[in-house]
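Chemist: Right, I'll just put the structure down here and ask away after.
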Amino acid sequence: MEKRLVFWYYFGNVNPKLLKPYNPKATEARVYELWEKSGYFDPDKLPARHKDPFSIVLPPPNVTGTLHMGHAAMLAIEDIVIRFERMRGKRALWLPGTDSAALATQAKVEDILYKKEKKTRHDIGREALLGRIEEFTKESEATIVNQVKRMGSSLDWGRYSYTMDETRNRAVNEAFKRMYEGGLIYRGARIVNWDPKLQTNVSDIEIEWKEETAPFYYLTYGPFTIGTARPETKFGDKYVVMHPDDERYKKYKHGDTLEVEWVNGPVTATIVKDKVVDMAFGTGVMTITPWHDQTDFDIAARHNLDKEQIIDQKGMLMPIAGEFAGVHWKKARPAIVEKLRAKGLVEKVDEKYAHRVATNSRGGGLLEPQVMLQWFVDVNKEFKLPHSELDGFEKGDTVTLKRLMQGVVESGQIEIIPDRFKKTYFHWIKDLRDWCISRQIWYGHQIPVWYRSTGAHDRLNGTPSDSRGVETHVGIERPEGEGWEQDPDTLDTWFSSGLWTFSTLGWPDKTKDLETFHPTDVLETGYDILFFWVARMVLMSTYLLGQIPFKKVYLHGLVRDGKGRKMSKSLGNIIDPLDMIEKYGADATRLSLIIGTAPGNDLKLSEDRVRGYKHFANKLWNVARFVLSNTEHGGFEKAKFAKEDAARMEEFEALKKEVTAHLDKYEFYLAGDNLYHYLWHTFADKVIEESKEALKGGNAAQKRSKQKLLHLLLEDQLKLLHPFIPFVTEELWSMLPHKKQSLLMIEPWPI
RNA sequence: GGACGCUUAGCUCAGUUGGUAGAGCAACUCGUUUACACCGAGUGGGUCGCAGGUUCAAGUCCUGCAGCGUCCACCA
């Protein structure tokens with residue numbers, strides 16, 4: 001109480017809020033509302049000085065998710081860029097949205113359905129499930145949107161998009177249609193990564209390989225010994241493959257046949273010579289299972305061999321397995337090995353064979369390769385570029401999607417930060433295979449293709465094995481006439497994500513937004529989705545628009561816990577950004593994710609870090625209290641600087657330049673670090689300390705010089721710090737004795 | 001098997017074009033005489049992973065090695 005009175009005595013008319021430590025909780029919501037009401041998040045409502053457009057599209061968080069530290073880092077970085085550019089006089093647009101995350105969302109709703117009602121999606125049907133999902137996403141949407149706001153994100157909510165809304169749906173259908181008509185989307189029976197658990201296939205990059213130790217069996221196959229880790233797939237093996245140059249098997253000629261005794265009796269084996277066989281591995285001989293293995297499938301394709309399905313889509317063995325038919329392969333394996341052993345066909349078993357198995361990284365189980373009729377984007381097919389604003393490509397040039405993806409990064413039209421990821425990007429594209437875009441889940445953009453039977457056509461596991469006898473129509477609307485059925489499959493969620501920079505701006509309509517804000521200036525995202533997303537955006541945009549989707553790609557690292565581990569529920573090491581905001585404020589949370597983090601490097605975050613930056617926000621608060629209490633009566637505006645004060649101004653000019661240069665180069669960590677140290681160790685420790693004597697009285701000219709210095713330095717520091725810590729700076733700005741009523745967020749950048 | 005990254009104070013990391021080793025947190029000592037104890041002044045603590053090389057000068061550039069991590073790859 002006594003202390004309070006002393007404060008009052010010394011600080012006269014200074015805002016009473018300043019007399020207590022900075023309180024983020026009492027400030028942030030109010031300030032955010034002020035910003036939203038101002039309308040300045042919308043580039044169309046910015047004052048006239050804001051001319052050149054600048055745009056970032058927010059990587060859409062999962063609509064059913066909650067904010068995690070990865071999001072928080074992304075929001076902090078993007079908001080820094082946007083606020084910086086806005087203050088610099090750009091018409092800055094940061095466009096928000098959420099993603100349906102089709103597979104994850106459907107799995108979540110199915111899980112709830114099963115837990116609550118013991119029902120599966122097949123029990124309630126497609127329509128009902130979609131209804132439930134829509135309900136669920138609607139409920140969740142507000143949560144994630146509010147959490148994004150709490151970080152202080154200056155997003156233009158009036159332009160909010162959802163990947164499954166009407167406009168985006170139209171864009172997806174249009175993109176599919178154009179790519180189909182351009183010959184870049186095709187349907188084909190190919191080997192895909194089937195997830196028996198989720199009953200859908202996933203694309204190659206969604207595979208997560210896991211190390212596993214399993215027995216490896218050496219089996220007698222006629223005169224040969226073959227090795228396998230999967231004896232349950234071997235029933236149909238009737239091709240035995242070896243390298244053409246292998247001396248050991250010189251006497252066997254390509255195409256020779258021989259009778260061998262096999263699991264369920266004798267089979268006729270055919271010799272195949274193929275260079276893909278590694279002579280040094282095992283015995284240099286293998287039998288193949290084209291239906292369930294990519295390598296084997298390729299061999300079979302090269303030599304035009306039969307392919308037979310051994311395992312069905314639920315993981316059960318097919319009739320070809322004889323007595324084992326209808327049994328799950330996992331259960332059947334020991335029995336099959338036992339039978340082989342009884343027949344004397346097991347030569348030896350290596351119990352500790354280390355190999356990798358494919359699992360679905362999207363929460364599924366073991367993947368079983370299957371041959372299925374699916375939709376693909378052809379990345380190697382040559383076509384004539386329909387339009388081009390791309391460096392090094394002219395309209396009408398013969399190109400492939402792959403070459404487009406490579407070209408725009410090679411030419412430097414798209415810059416990747418940090419630079420080293422260029423290599424990763426090129427390396428991935430070099431061996432890129434066609435992108436399988438159809439999924440057998442229900443939630444998502446249903447493929448805009450219609451089929452009608454024109455007579456007999458064979459079916460393969462419930463899906464037509466080829467398009468013979470089937471009439472196909474590509475389009476959004478059901479075509480005229482009887483018997484048309486839409487393809488039940490949906491598109492890979494990354495297909496719609498690939499359109500994100502322009503679907504959010506209204507494409508395929510020729511909107512003003514699209515014209516103004518595309519290509520966007522920078523795409524900021526985690527390096528873990530460079531292939532999933534960044535590369536696909538380049539593919540879509542270059543083909544459909546003839547434009548790059550963004551000029552720069554800034555890749556941030558993954559946020560890990562204090563020990564460098566991935567944050568996960570099971571480890572219980574999650575640091576929740578909302579907890580941090582609650583305890584230390586959004587500004588502190590932002591700084592903790594910026595300072596000391598170079599692009600592309602993982603960040604180890606601990607609560608101590610966040611607490612440290614809360615102290616910084618408070619330091620600024622106290623500095624402002626001192627400056628305001630000593631300058632509140634004005635009268636120093638026209639003062640001449642004393643020599644040492646002029647030197648301080650020069651020193652500060654250098655800082656401004658340095659900070660601006662760092663921001664220009666996307667070195668946020670360095671810009672933030674410079675500002676942090678200047679405020680604390682130069683402004684507070686030196687400038688303020690040195691001013692105390694003069695402020696006490698004595699020489700009036702000296703005093704006014706100090707007052708002017710303190711005033712100017714504080715004001716400009718608030719501006720420079722605003723992109724980093726917008727809440728506390730905006731709050732302090734409102735306490736400055738201004739003539740004009742304006743928000744700090746649109747003050748001109750002081751350089 | 002290939003590629004990339006990391007290795008600097010107890011912990012987390014900066015160190016931008018090579019020029020006498022830095023910050024935050026933690027620890028310890030002292031300080032509450034009026035911006036701030038969410039503070040100030042100070043102390044301790046590093047042969048910059050290892051071994052070579054280039055240079056007047058290397059944490060920084062080059063070569064090799066090791067450990068850790070990540071990504072990619074059709075070894076049955």
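For the structure tokens, the naming scheme is as follows: chains receive sequential letters (A, B, ...) according to their order of presentation, residues are indexed from 1 within each chain, and ligands are indexed from 1 in presentation order.
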Give me the residues near segment 10-26 of chain B as a list in words, where near means some atom within 9 Å (using only C-alpha atoms (C1' of nucleotides)) and where sequence neighbours in that chain fewer than 6 positions away do not count.

Modeler: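 Near neighbours after the sequence-gap exclusion: Gly562, Gly596, Thr597, Lys604, Leu605, Ser606, Asp608, Arg609, Gly612, Leu670, Asp673 and His677 of chain A; G45, G46, C48, A57, A58, G59, U60 and C61 of chain B.
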
Chemist: Write out as a tab-separated table a residue-level contact list of chain A versus chain B with cut-off 7 Å: for each qualifying residue the closest pair of atoms and the distance in Å to one decimal, counting only C-alpha atoms (C1' of nucleotides), rows sorted by chain and residue number upward.

Modeler:
residue	atom	partner	partner_atom	distance
A:Gly227	CA	B:A76	C1'	6.7
A:Thr228	CA	B:A76	C1'	6.3
A:Asp278	CA	B:C75	C1'	6.8
A:Met286	CA	B:A76	C1'	6.0
A:Gln294	CA	B:C74	C1'	6.1
A:Thr295	CA	B:C74	C1'	4.4
A:Gly596	CA	B:C13	C1'	6.0
A:Lys604	CA	B:U12	C1'	6.9
A:Asp608	CA	B:C25	C1'	6.6
A:His615	CA	B:C38	C1'	4.6
A:Asn618	CA	B:C38	C1'	6.2
A:Lys619	CA	B:C36	C1'	6.4
A:Asn622	CA	B:A35	C1'	5.1
A:Val623	CA	B:A35	C1'	5.6
A:Arg625	CA	B:A35	C1'	5.8
A:Phe626	CA	B:A35	C1'	4.2

Chemist: Keeping only all heavy atoms, write those residues as a short mmCIF file (atom, residue, chain, number, x, y, z; two decimals), in the first residue's frame.

Modeler:
data_model
loop_
_atom_site.label_atom_id
_atom_site.label_comp_id
_atom_site.auth_asym_id
_atom_site.auth_seq_id
_atom_site.Cartn_x
_atom_site.Cartn_y
_atom_site.Cartn_z
N GLY A 227 14.81 -67.05 -51.10
CA GLY A 227 14.63 -66.52 -49.75
C GLY A 227 13.38 -65.67 -49.68
O GLY A 227 13.02 -65.01 -50.65
N THR A 228 12.71 -65.70 -48.54
CA THR A 228 11.54 -64.83 -48.38
C THR A 228 11.26 -64.56 -46.91
O THR A 228 11.53 -65.40 -46.06
CB THR A 228 10.28 -65.42 -49.03
OG1 THR A 228 9.22 -64.47 -48.90
CG2 THR A 228 9.86 -66.72 -48.35
N ASP A 278 19.81 -58.80 -57.65
CA ASP A 278 21.12 -58.56 -57.05
C ASP A 278 21.78 -59.92 -56.85
O ASP A 278 21.36 -60.73 -56.04
CB ASP A 278 20.92 -57.85 -55.70
CG ASP A 278 22.24 -57.59 -55.00
OD1 ASP A 278 23.29 -58.01 -55.53
OD2 ASP A 278 22.21 -56.97 -53.93
N MET A 286 15.29 -65.46 -57.17
CA MET A 286 14.07 -65.20 -56.42
C MET A 286 12.83 -65.58 -57.21
O MET A 286 12.87 -65.64 -58.44
CB MET A 286 14.00 -63.73 -56.00
CG MET A 286 13.90 -62.76 -57.16
SD MET A 286 13.78 -61.07 -56.49
CE MET A 286 13.45 -60.14 -57.96
N GLN A 294 6.09 -54.14 -55.35
CA GLN A 294 6.35 -53.21 -56.44
C GLN A 294 7.42 -53.73 -57.40
O GLN A 294 7.26 -53.70 -58.61
CB GLN A 294 6.76 -51.85 -55.88
CG GLN A 294 7.06 -50.79 -56.93
CD GLN A 294 5.81 -50.32 -57.65
OE1 GLN A 294 4.82 -49.97 -57.03
NE2 GLN A 294 5.85 -50.32 -58.98
N THR A 295 8.54 -54.21 -56.85
CA THR A 295 9.63 -54.71 -57.69
C THR A 295 9.14 -55.86 -58.57
O THR A 295 9.40 -55.90 -59.77
CB THR A 295 10.78 -55.24 -56.81
OG1 THR A 295 11.07 -54.27 -55.83
CG2 THR A 295 12.00 -55.53 -57.64
N GLY A 596 16.65 -17.35 -31.60
CA GLY A 596 17.49 -18.54 -31.44
C GLY A 596 17.05 -19.71 -32.29
O GLY A 596 17.43 -20.84 -32.03
N LYS A 604 14.30 -26.67 -29.71
CA LYS A 604 13.99 -27.31 -28.43
C LYS A 604 13.38 -26.26 -27.53
O LYS A 604 14.02 -25.28 -27.19
CB LYS A 604 15.25 -27.90 -27.82
CG LYS A 604 15.69 -29.15 -28.56
CD LYS A 604 16.92 -29.75 -27.94
CE LYS A 604 17.56 -30.68 -28.98
NZ LYS A 604 19.00 -30.83 -28.79
N ASP A 608 10.98 -22.60 -19.46
CA ASP A 608 11.91 -21.56 -19.02
C ASP A 608 12.13 -20.49 -20.08
O ASP A 608 12.26 -19.31 -19.79
CB ASP A 608 13.28 -22.18 -18.68
CG ASP A 608 13.34 -22.63 -17.24
OD1 ASP A 608 12.44 -22.22 -16.47
OD2 ASP A 608 14.25 -23.39 -16.90
N HIS A 615 9.66 -11.86 -19.15
CA HIS A 615 10.42 -10.83 -18.46
C HIS A 615 10.77 -9.70 -19.41
O HIS A 615 10.82 -8.54 -19.03
CB HIS A 615 11.71 -11.42 -17.87
CG HIS A 615 11.46 -12.48 -16.84
ND1 HIS A 615 10.26 -12.58 -16.18
CD2 HIS A 615 12.24 -13.47 -16.34
CE1 HIS A 615 10.33 -13.60 -15.33
NE2 HIS A 615 11.51 -14.15 -15.42
N ASN A 618 7.89 -7.42 -19.92
CA ASN A 618 7.76 -6.59 -18.73
C ASN A 618 8.83 -5.50 -18.66
O ASN A 618 8.58 -4.38 -18.22
CB ASN A 618 7.81 -7.46 -17.49
CG ASN A 618 7.33 -6.73 -16.26
OD1 ASN A 618 6.23 -6.19 -16.26
ND2 ASN A 618 8.16 -6.67 -15.24
N LYS A 619 10.01 -5.85 -19.13
CA LYS A 619 11.10 -4.87 -19.16
C LYS A 619 10.71 -3.69 -20.04
O LYS A 619 10.89 -2.53 -19.67
CB LYS A 619 12.37 -5.54 -19.69
CG LYS A 619 13.61 -4.67 -19.64
CD LYS A 619 14.15 -4.59 -18.23
CE LYS A 619 15.39 -3.71 -18.17
NZ LYS A 619 15.90 -3.58 -16.79
N ASN A 622 8.29 -1.51 -18.23
CA ASN A 622 8.91 -0.64 -17.22
C ASN A 622 9.72 0.49 -17.83
O ASN A 622 9.75 1.59 -17.31
CB ASN A 622 9.79 -1.48 -16.30
CG ASN A 622 8.95 -2.37 -15.41
OD1 ASN A 622 7.94 -1.93 -14.87
ND2 ASN A 622 9.33 -3.62 -15.27
N VAL A 623 10.37 0.16 -18.94
CA VAL A 623 11.11 1.19 -19.67
C VAL A 623 10.14 2.29 -20.10
O VAL A 623 10.41 3.49 -19.93
CB VAL A 623 11.81 0.56 -20.89
CG1 VAL A 623 12.16 1.61 -21.92
CG2 VAL A 623 13.06 -0.20 -20.45
N ARG A 625 7.32 3.06 -18.77
CA ARG A 625 6.89 3.80 -17.59
C ARG A 625 7.89 4.92 -17.28
O ARG A 625 7.51 6.07 -17.05
CB ARG A 625 6.77 2.87 -16.39
CG ARG A 625 6.43 3.60 -15.09
CD ARG A 625 6.62 2.69 -13.90
NE ARG A 625 5.83 1.47 -14.07
CZ ARG A 625 6.09 0.32 -13.46
NH1 ARG A 625 7.14 0.22 -12.66
NH2 ARG A 625 5.34 -0.73 -13.66
N PHE A 626 9.14 4.56 -17.29
CA PHE A 626 10.17 5.56 -16.98
C PHE A 626 10.15 6.69 -18.01
O PHE A 626 10.15 7.87 -17.66
CB PHE A 626 11.55 4.90 -16.97
CG PHE A 626 12.66 5.87 -16.67
CD1 PHE A 626 12.99 6.19 -15.36
CD2 PHE A 626 13.37 6.48 -17.69
CE1 PHE A 626 14.01 7.10 -15.08
CE2 PHE A 626 14.38 7.40 -17.42
CZ PHE A 626 14.70 7.70 -16.12
#

Chemist: Applying 12 Å and only C-alpha atoms (C1' of nucleotides), which residues near Asp312 of chain A remain after dropping the ones on its own chain fewer than 2 positions away? List them as a PyMOL selection string.

Modeler: chain A and resi 194-196+199+233+291-292+308-310+314-321+325-329+368-372+460-462

Chemist: As a PyMOL selection string, list the residues of segment 522-699 of chain A assigned to helix (DSSP H, G or I) by DSSP on the backbone atoms of this structure.

Modeler: chain A and resi 527-544+577-584+586-594+607-631+643-664+668-696

Chemist: Take the residues from that selection and write them out as an mmCIF file, in the first residue's frame, keeping C-alpha atoms.

Modeler:
data_model
loop_
_atom_site.group_PDB
_atom_site.id
_atom_site.type_symbol
_atom_site.label_atom_id
_atom_site.label_comp_id
_atom_site.auth_asym_id
_atom_site.auth_seq_id
_atom_site.Cartn_x
_atom_site.Cartn_y
_atom_site.Cartn_z
ATOM 1 C CA TYR A 527 10.105 -28.782 -43.809
ATOM 2 C CA ASP A 528 8.276 -32.029 -43.112
ATOM 3 C CA ILE A 529 5.670 -31.221 -45.755
ATOM 4 C CA LEU A 530 8.023 -30.043 -48.485
ATOM 5 C CA PHE A 531 7.048 -32.979 -50.689
ATOM 6 C CA PHE A 532 3.471 -33.465 -49.586
ATOM 7 C CA TRP A 533 2.482 -29.913 -50.071
ATOM 8 C CA VAL A 534 5.056 -27.456 -51.385
ATOM 9 C CA ALA A 535 5.960 -29.560 -54.416
ATOM 10 C CA ARG A 536 2.297 -30.293 -55.193
ATOM 11 C CA MET A 537 1.446 -26.600 -55.043
ATOM 12 C CA VAL A 538 4.180 -25.917 -57.574
ATOM 13 C CA LEU A 539 2.815 -28.693 -59.784
ATOM 14 C CA MET A 540 -0.767 -27.457 -59.701
ATOM 15 C CA SER A 541 -0.045 -23.776 -60.052
ATOM 16 C CA THR A 542 2.431 -24.042 -62.897
ATOM 17 C CA TYR A 543 0.100 -26.265 -64.896
ATOM 18 C CA LEU A 544 -3.278 -24.709 -64.172
ATOM 19 C CA PRO A 577 0.813 -22.966 -26.629
ATOM 20 C CA LEU A 578 -2.463 -21.980 -24.983
ATOM 21 C CA ASP A 579 -1.054 -22.771 -21.546
ATOM 22 C CA MET A 580 1.966 -20.663 -22.362
ATOM 23 C CA ILE A 581 -0.225 -17.781 -23.540
ATOM 24 C CA GLU A 582 -2.258 -18.092 -20.381
ATOM 25 C CA LYS A 583 0.790 -18.035 -18.119
ATOM 26 C CA TYR A 584 3.218 -15.759 -19.928
ATOM 27 C CA ALA A 586 1.183 -14.410 -26.462
ATOM 28 C CA ASP A 587 4.077 -12.010 -26.975
ATOM 29 C CA ALA A 588 6.414 -14.085 -24.823
ATOM 30 C CA THR A 589 5.249 -17.264 -26.527
ATOM 31 C CA ARG A 590 5.979 -15.735 -29.922
ATOM 32 C CA LEU A 591 9.482 -14.607 -29.002
ATOM 33 C CA SER A 592 10.341 -17.978 -27.534
ATOM 34 C CA LEU A 593 9.590 -19.520 -30.918
ATOM 35 C CA ILE A 594 11.542 -16.944 -32.909
ATOM 36 C CA GLU A 607 8.900 -23.465 -20.373
ATOM 37 C CA ASP A 608 11.907 -21.560 -19.019
ATOM 38 C CA ARG A 609 12.431 -20.054 -22.429
ATOM 39 C CA VAL A 610 8.925 -18.672 -22.542
ATOM 40 C CA ARG A 611 9.217 -17.309 -19.030
ATOM 41 C CA GLY A 612 12.410 -15.501 -20.009
ATOM 42 C CA TYR A 613 10.626 -13.624 -22.762
ATOM 43 C CA LYS A 614 7.804 -12.673 -20.458
ATOM 44 C CA HIS A 615 10.424 -10.830 -18.458
ATOM 45 C CA PHE A 616 11.368 -9.053 -21.625
ATOM 46 C CA ALA A 617 7.836 -7.848 -22.277
ATOM 47 C CA ASN A 618 7.755 -6.585 -18.730
ATOM 48 C CA LYS A 619 11.105 -4.874 -19.156
ATOM 49 C CA LEU A 620 9.712 -2.962 -22.094
ATOM 50 C CA TRP A 621 6.714 -2.068 -19.976
ATOM 51 C CA ASN A 622 8.908 -0.642 -17.217
ATOM 52 C CA VAL A 623 11.112 1.189 -19.668
ATOM 53 C CA ALA A 624 7.995 2.827 -21.070
ATOM 54 C CA ARG A 625 6.889 3.805 -17.587
ATOM 55 C CA PHE A 626 10.174 5.557 -16.982
ATOM 56 C CA VAL A 627 10.195 7.340 -20.315
ATOM 57 C CA LEU A 628 6.554 8.399 -20.152
ATOM 58 C CA SER A 629 6.804 9.687 -16.598
ATOM 59 C CA ASN A 630 9.756 11.804 -17.616
ATOM 60 C CA THR A 631 8.371 13.133 -20.879
ATOM 61 C CA LYS A 643 26.712 15.557 -28.530
ATOM 62 C CA GLU A 644 26.480 12.238 -26.707
ATOM 63 C CA ASP A 645 22.731 12.056 -27.391
ATOM 64 C CA ALA A 646 23.285 12.601 -31.088
ATOM 65 C CA ALA A 647 25.704 9.690 -30.948
ATOM 66 C CA ARG A 648 23.022 7.534 -29.364
ATOM 67 C CA MET A 649 20.683 8.468 -32.214
ATOM 68 C CA GLU A 650 23.276 7.408 -34.751
ATOM 69 C CA GLU A 651 23.793 4.145 -32.951
ATOM 70 C CA PHE A 652 20.055 3.583 -33.108
ATOM 71 C CA GLU A 653 19.926 4.390 -36.821
ATOM 72 C CA ALA A 654 22.397 1.559 -37.339
ATOM 73 C CA LEU A 655 20.179 -0.779 -35.360
ATOM 74 C CA LYS A 656 17.145 0.138 -37.472
ATOM 75 C CA LYS A 657 19.050 -0.633 -40.640
ATOM 76 C CA GLU A 658 20.335 -3.882 -39.267
ATOM 77 C CA VAL A 659 16.920 -5.048 -38.095
ATOM 78 C CA THR A 660 15.312 -4.107 -41.399
ATOM 79 C CA ALA A 661 18.021 -5.912 -43.351
ATOM 80 C CA HIS A 662 17.538 -9.041 -41.275
ATOM 81 C CA LEU A 663 13.793 -8.956 -41.814
ATOM 82 C CA ASP A 664 14.316 -8.511 -45.542
ATOM 83 C CA PHE A 668 13.788 -13.194 -37.880
ATOM 84 C CA TYR A 669 15.885 -14.723 -35.145
ATOM 85 C CA LEU A 670 18.661 -12.212 -35.718
ATOM 86 C CA ALA A 671 16.312 -9.230 -35.985
ATOM 87 C CA GLY A 672 14.573 -10.247 -32.773
ATOM 88 C CA ASP A 673 17.846 -10.869 -30.995
ATOM 89 C CA ASN A 674 19.189 -7.436 -31.976
ATOM 90 C CA LEU A 675 16.095 -5.697 -30.694
ATOM 91 C CA TYR A 676 16.097 -7.679 -27.505
ATOM 92 C CA HIS A 677 19.662 -6.786 -26.708
ATOM 93 C CA TYR A 678 19.360 -3.205 -27.693
ATOM 94 C CA LEU A 679 16.359 -2.605 -25.483
ATOM 95 C CA TRP A 680 17.777 -4.367 -22.484
ATOM 96 C CA HIS A 681 21.493 -3.749 -22.574
ATOM 97 C CA THR A 682 21.764 -0.486 -24.416
ATOM 98 C CA PHE A 683 18.553 1.425 -23.943
ATOM 99 C CA ALA A 684 17.736 0.341 -20.375
ATOM 100 C CA ASP A 685 21.216 -0.264 -18.988
ATOM 101 C CA LYS A 686 22.961 2.683 -20.629
ATOM 102 C CA VAL A 687 20.722 5.302 -22.220
ATOM 103 C CA ILE A 688 18.270 5.415 -19.339
ATOM 104 C CA GLU A 689 20.904 5.131 -16.647
ATOM 105 C CA GLU A 690 22.932 7.919 -18.214
ATOM 106 C CA SER A 691 19.869 10.148 -18.398
ATOM 107 C CA LYS A 692 18.943 10.079 -14.740
ATOM 108 C CA GLU A 693 21.263 12.853 -13.608
ATOM 109 C CA ALA A 694 20.190 15.221 -16.356
ATOM 110 C CA LEU A 695 16.511 14.522 -15.789
ATOM 111 C CA LYS A 696 16.740 15.461 -12.133
#

Chemist: So which residues touch G64 of chain B within 12 Å, counting only C-alpha atoms (C1' of nucleotides), skipping near sequence neighbours fewer than 2 positions away, as a PyMOL selection string?

Modeler: chain B and resi 50-53+62+66

Chemist: Measure the distance from atom CA of Leu545 of chain A to atom CA of Pro519 of chain A in Å and round it to one decimal.

Modeler: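 Atom CA of Pro519 of chain A lies at a distance of 9.8 Å from atom CA of Leu545 of chain A.
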
Chemist: If you count only C-alpha atoms (C1' of nucleotides), which residues fall within 12 Å of Val172 of chain A, apart from same-chain ones fewer than 2 positions away, as a ChimeraX atom specification?

Modeler: /A:163-170,174-179,444-448,475-476,490-500,502-504,506-508,540,544
